[in-house]
Amino acid sequence: MKTQISLTVILSAALLVLAPAAYAKEYTIKMVTHTEKGAYAFEPSKLTVASGDKVTWINAQDDTHNVMSESTPKGVKPFESPMLEKKGQQWSYTFKESGTYRFHCHPHAGEGMRGEIIVDRPSANDDQASDHPHEQGDHHAAMESKPSGDTSAKSQPMTEQQAVKFLQEGKPVYSCPMHTHVFDDDKDGKCPICGMNLTEVKSIQDGKAVFDNGMNMMEKK
């Protein structure tokens, strides 16, 4: 009899543990580049899910995007995906704690590529973390608020459209050798993603910088 009771207790406990996983859902958010509009977006940009649900962000085009938290419920560590540079690349995150999660794409936050996920219920004002570097009104706003004379205080990098226009007008454009979707008009600028020095761009093809490395090597000889 004791063996039967023990077995029943063990099976009941196992079912309780497995129940949340059995009912967990999966959601997909597309990271979209509207090339004809020069706009970037998460689609959908807002979701309401339950604790234990998993959200997967999928790059819908050959462009560079990532997911970086701005604010999370208190006690939840900020999250950040790697850069997704090819169509079909994806990154997933399982939401375990209730509350409001706000996030953005680092390269395109200045173009409004932001989103929000509510898990179970929205966070109360005093339950929302605001003490980590990716909070609401984050480092992007801080950069824009610095004096314009400070070369470390550049506002958002140029859009592809702005960079193309600069090149057409004969003005120099610079980009990061590692992140060729980043454009700037400051030769002393730094890549906002990796901090590398920027290099002058020869042209722009498919949204990526092309560098004149061959000509530079010949000139050095």
# chains A, B, ... in the order shown; residues from 1 in each chain; ligands from 1
$ residues_around --residues "stretch 118-123 of chain A" --least-positions-apart "4" --cutoff "12 Å" --atoms "only C-alpha atoms" --output "PDB file with N, CA and C atoms, in the first residue's frame"
ATOM      1  N   SER A  45       5.108  44.324 -33.449  1.00  0.00           N
ATOM      2  CA  SER A  45       5.960  45.080 -32.527  1.00  0.00           C
ATOM      3  C   SER A  45       5.496  44.914 -31.084  1.00  0.00           C
ATOM      4  N   LYS A  46       4.284  44.377 -30.887  1.00  0.00           N
ATOM      5  CA  LYS A  46       3.770  44.162 -29.534  1.00  0.00           C
ATOM      6  C   LYS A  46       3.156  42.770 -29.433  1.00  0.00           C
ATOM      7  N   LEU A  47       3.433  42.111 -28.319  1.00  0.00           N
ATOM      8  CA  LEU A  47       2.896  40.773 -28.069  1.00  0.00           C
ATOM      9  C   LEU A  47       2.503  40.650 -26.604  1.00  0.00           C
ATOM     10  N   THR A  48       1.506  39.834 -26.336  1.00  0.00           N
ATOM     11  CA  THR A  48       1.174  39.437 -24.973  1.00  0.00           C
ATOM     12  C   THR A  48       1.276  37.922 -24.905  1.00  0.00           C
ATOM     13  N   VAL A  49       2.131  37.426 -24.012  1.00  0.00           N
ATOM     14  CA  VAL A  49       2.369  35.992 -23.901  1.00  0.00           C
ATOM     15  C   VAL A  49       2.211  35.573 -22.443  1.00  0.00           C
ATOM     16  N   ALA A  50       2.386  34.286 -22.178  1.00  0.00           N
ATOM     17  CA  ALA A  50       2.291  33.757 -20.815  1.00  0.00           C
ATOM     18  C   ALA A  50       3.671  33.304 -20.346  1.00  0.00           C
ATOM     19  N   SER A  51       3.846  33.218 -19.047  1.00  0.00           N
ATOM     20  CA  SER A  51       5.110  32.734 -18.487  1.00  0.00           C
ATOM     21  C   SER A  51       5.439  31.362 -19.067  1.00  0.00           C
ATOM     22  N   GLY A  52       6.687  31.177 -19.475  1.00  0.00           N
ATOM     23  CA  GLY A  52       7.105  29.918 -20.070  1.00  0.00           C
ATOM     24  C   GLY A  52       7.043  29.895 -21.580  1.00  0.00           C
ATOM     25  N   ASP A  53       6.385  30.900 -22.181  1.00  0.00           N
ATOM     26  CA  ASP A  53       6.301  30.952 -23.644  1.00  0.00           C
ATOM     27  C   ASP A  53       7.641  31.396 -24.236  1.00  0.00           C
ATOM     28  N   LYS A  54       7.906  30.930 -25.453  1.00  0.00           N
ATOM     29  CA  LYS A  54       9.152  31.271 -26.146  1.00  0.00           C
ATOM     30  C   LYS A  54       8.855  32.148 -27.351  1.00  0.00           C
ATOM     31  N   VAL A  55       9.663  33.200 -27.510  1.00  0.00           N
ATOM     32  CA  VAL A  55       9.533  34.093 -28.659  1.00  0.00           C
ATOM     33  C   VAL A  55      10.797  33.966 -29.508  1.00  0.00           C
ATOM     34  N   SER A  71      14.240  47.633 -21.181  1.00  0.00           N
ATOM     35  CA  SER A  71      13.798  47.538 -19.793  1.00  0.00           C
ATOM     36  C   SER A  71      13.152  46.182 -19.569  1.00  0.00           C
ATOM     37  N   THR A  72      13.302  45.657 -18.361  1.00  0.00           N
ATOM     38  CA  THR A  72      12.757  44.360 -17.996  1.00  0.00           C
ATOM     39  C   THR A  72      12.149  44.457 -16.601  1.00  0.00           C
ATOM     40  N   PRO A  73      11.316  43.501 -16.207  1.00  0.00           N
ATOM     41  CA  PRO A  73      10.817  43.492 -14.826  1.00  0.00           C
ATOM     42  C   PRO A  73      11.987  43.401 -13.848  1.00  0.00           C
ATOM     43  N   LYS A  74      11.841  43.976 -12.688  1.00  0.00           N
ATOM     44  CA  LYS A  74      12.903  43.955 -11.686  1.00  0.00           C
ATOM     45  C   LYS A  74      13.333  42.523 -11.391  1.00  0.00           C
ATOM     46  N   THR A  94      13.080  32.591 -23.915  1.00  0.00           N
ATOM     47  CA  THR A  94      11.926  32.093 -23.158  1.00  0.00           C
ATOM     48  C   THR A  94      11.651  33.032 -21.987  1.00  0.00           C
ATOM     49  N   PHE A  95      10.442  33.551 -21.937  1.00  0.00           N
ATOM     50  CA  PHE A  95      10.062  34.510 -20.898  1.00  0.00           C
ATOM     51  C   PHE A  95       9.501  33.760 -19.691  1.00  0.00           C
ATOM     52  N   LYS A  96      10.201  33.853 -18.568  1.00  0.00           N
ATOM     53  CA  LYS A  96       9.826  33.095 -17.376  1.00  0.00           C
ATOM     54  C   LYS A  96       9.180  33.954 -16.294  1.00  0.00           C
ATOM     55  N   GLU A  97       9.414  35.265 -16.340  1.00  0.00           N
ATOM     56  CA  GLU A  97       8.900  36.151 -15.303  1.00  0.00           C
ATOM     57  C   GLU A  97       7.848  37.094 -15.869  1.00  0.00           C
ATOM     58  N   SER A  98       6.803  37.353 -15.076  1.00  0.00           N
ATOM     59  CA  SER A  98       5.727  38.252 -15.517  1.00  0.00           C
ATOM     60  C   SER A  98       6.216  39.695 -15.581  1.00  0.00           C
ATOM     61  N   GLY A  99       5.580  40.480 -16.456  1.00  0.00           N
ATOM     62  CA  GLY A  99       5.889  41.899 -16.531  1.00  0.00           C
ATOM     63  C   GLY A  99       6.074  42.381 -17.954  1.00  0.00           C
ATOM     64  N   THR A 100       6.562  43.610 -18.076  1.00  0.00           N
ATOM     65  CA  THR A 100       6.738  44.271 -19.368  1.00  0.00           C
ATOM     66  C   THR A 100       8.203  44.238 -19.788  1.00  0.00           C
ATOM     67  N   TYR A 101       8.441  43.825 -21.016  1.00  0.00           N
ATOM     68  CA  TYR A 101       9.790  43.774 -21.590  1.00  0.00           C
ATOM     69  C   TYR A 101       9.809  44.676 -22.827  1.00  0.00           C
ATOM     70  N   ARG A 102      10.689  45.655 -22.836  1.00  0.00           N
ATOM     71  CA  ARG A 102      10.834  46.523 -24.009  1.00  0.00           C
ATOM     72  C   ARG A 102      12.196  46.260 -24.643  1.00  0.00           C
ATOM     73  N   PHE A 103      12.245  46.302 -25.954  1.00  0.00           N
ATOM     74  CA  PHE A 103      13.477  45.961 -26.654  1.00  0.00           C
ATOM     75  C   PHE A 103      13.601  46.762 -27.937  1.00  0.00           C
ATOM     76  N   ASP A 127       7.767  48.172 -10.451  1.00  0.00           N
ATOM     77  CA  ASP A 127       8.257  46.809 -10.682  1.00  0.00           C
ATOM     78  C   ASP A 127       9.085  46.706 -11.955  1.00  0.00           C
ATOM     79  N   GLN A 128       9.347  47.869 -12.592  1.00  0.00           N
ATOM     80  CA  GLN A 128      10.097  47.866 -13.845  1.00  0.00           C
ATOM     81  C   GLN A 128      11.540  48.286 -13.594  1.00  0.00           C
ATOM     82  N   ALA A 129      12.474  47.460 -14.029  1.00  0.00           N
ATOM     83  CA  ALA A 129      13.892  47.772 -13.827  1.00  0.00           C
ATOM     84  C   ALA A 129      14.271  48.993 -14.644  1.00  0.00           C
TER      85      ALA A 129
END
$ residues_around --residues "A:Lys171" --least-positions-apart "6" --cutoff "12 Å" --atoms "only C-alpha atoms" --output "PyMOL selection string"
chain A and resi 162-165+184-187+200-203
$ atom_distance --atom1 "atom CA of A:Tyr93" --atom2 "atom CA of A:Pro192"
24.1 Å
$ select_by_dssp --residues "stretch 42-97 of chain A" --states "strand (DSSP E or B)" --output "MDAnalysis selection string"
chainID A and resid 42:43 46:49 54:59 65 68:71 73 80 84 90:94
$ write_last_selection --atoms "C-alpha atoms" --output "PDB file, in the first residue's frame"
ATOM      1  CA  PHE A  42       9.555  44.275 -35.699  1.00  0.00           C
ATOM      2  CA  GLU A  43       6.374  42.593 -36.935  1.00  0.00           C
ATOM      3  CA  LYS A  46       3.770  44.162 -29.534  1.00  0.00           C
ATOM      4  CA  LEU A  47       2.896  40.773 -28.069  1.00  0.00           C
ATOM      5  CA  THR A  48       1.174  39.437 -24.973  1.00  0.00           C
ATOM      6  CA  VAL A  49       2.369  35.992 -23.901  1.00  0.00           C
ATOM      7  CA  LYS A  54       9.152  31.271 -26.146  1.00  0.00           C
ATOM      8  CA  VAL A  55       9.533  34.093 -28.659  1.00  0.00           C
ATOM      9  CA  THR A  56      11.721  33.687 -31.742  1.00  0.00           C
ATOM     10  CA  TRP A  57      12.938  36.683 -33.745  1.00  0.00           C
ATOM     11  CA  ILE A  58      13.609  35.866 -37.423  1.00  0.00           C
ATOM     12  CA  ASN A  59      15.533  38.055 -39.868  1.00  0.00           C
ATOM     13  CA  HIS A  65      19.434  43.279 -36.967  1.00  0.00           C
ATOM     14  CA  MET A  68      18.514  44.226 -27.217  1.00  0.00           C
ATOM     15  CA  SER A  69      16.436  44.801 -24.096  1.00  0.00           C
ATOM     16  CA  GLU A  70      15.681  48.352 -22.965  1.00  0.00           C
ATOM     17  CA  SER A  71      13.798  47.538 -19.793  1.00  0.00           C
ATOM     18  CA  PRO A  73      10.817  43.492 -14.826  1.00  0.00           C
ATOM     19  CA  GLU A  80      20.876  40.758 -26.092  1.00  0.00           C
ATOM     20  CA  LEU A  84      21.659  38.413 -37.374  1.00  0.00           C
ATOM     21  CA  GLN A  90      16.943  33.587 -35.775  1.00  0.00           C
ATOM     22  CA  TRP A  91      17.274  33.950 -32.029  1.00  0.00           C
ATOM     23  CA  SER A  92      14.920  32.798 -29.266  1.00  0.00           C
ATOM     24  CA  TYR A  93      14.202  33.808 -25.688  1.00  0.00           C
ATOM     25  CA  THR A  94      11.926  32.093 -23.158  1.00  0.00           C
TER      26      THR A  94
END
$ residues_around --residues "stretch 177-180 of chain A" --least-positions-apart "4" --cutoff "7 Å" --atoms "only C-alpha atoms" --output "list of chain:residue names"
A:Thr199, A:Lys208, A:Ala209
$ closest_residue --among "A:Phe211, A:Gly195, A:His181, A:Gly112" --to "A:Ala39" --atoms "only C-alpha atoms"
A:Gly112
$ closest_residue --among "A:Ser81, A:Ser175, A:Asn125, A:Thr33" --to "A:His108" --atoms "only C-alpha atoms"
A:Thr33
$ closest_residue --among "A:Pro172, A:Tyr23, A:Asn197, A:Pro44" --to "A:Ile117" --atoms "only C-alpha atoms"
A:Pro44
$ atom_distance --atom1 "atom CA of A:Tyr27" --atom2 "atom CA of A:Val67"
15.0 Å
$ atom_distance --atom1 "atom CA of A:Asn66" --atom2 "atom CA of A:Cys105"
5.0 Å
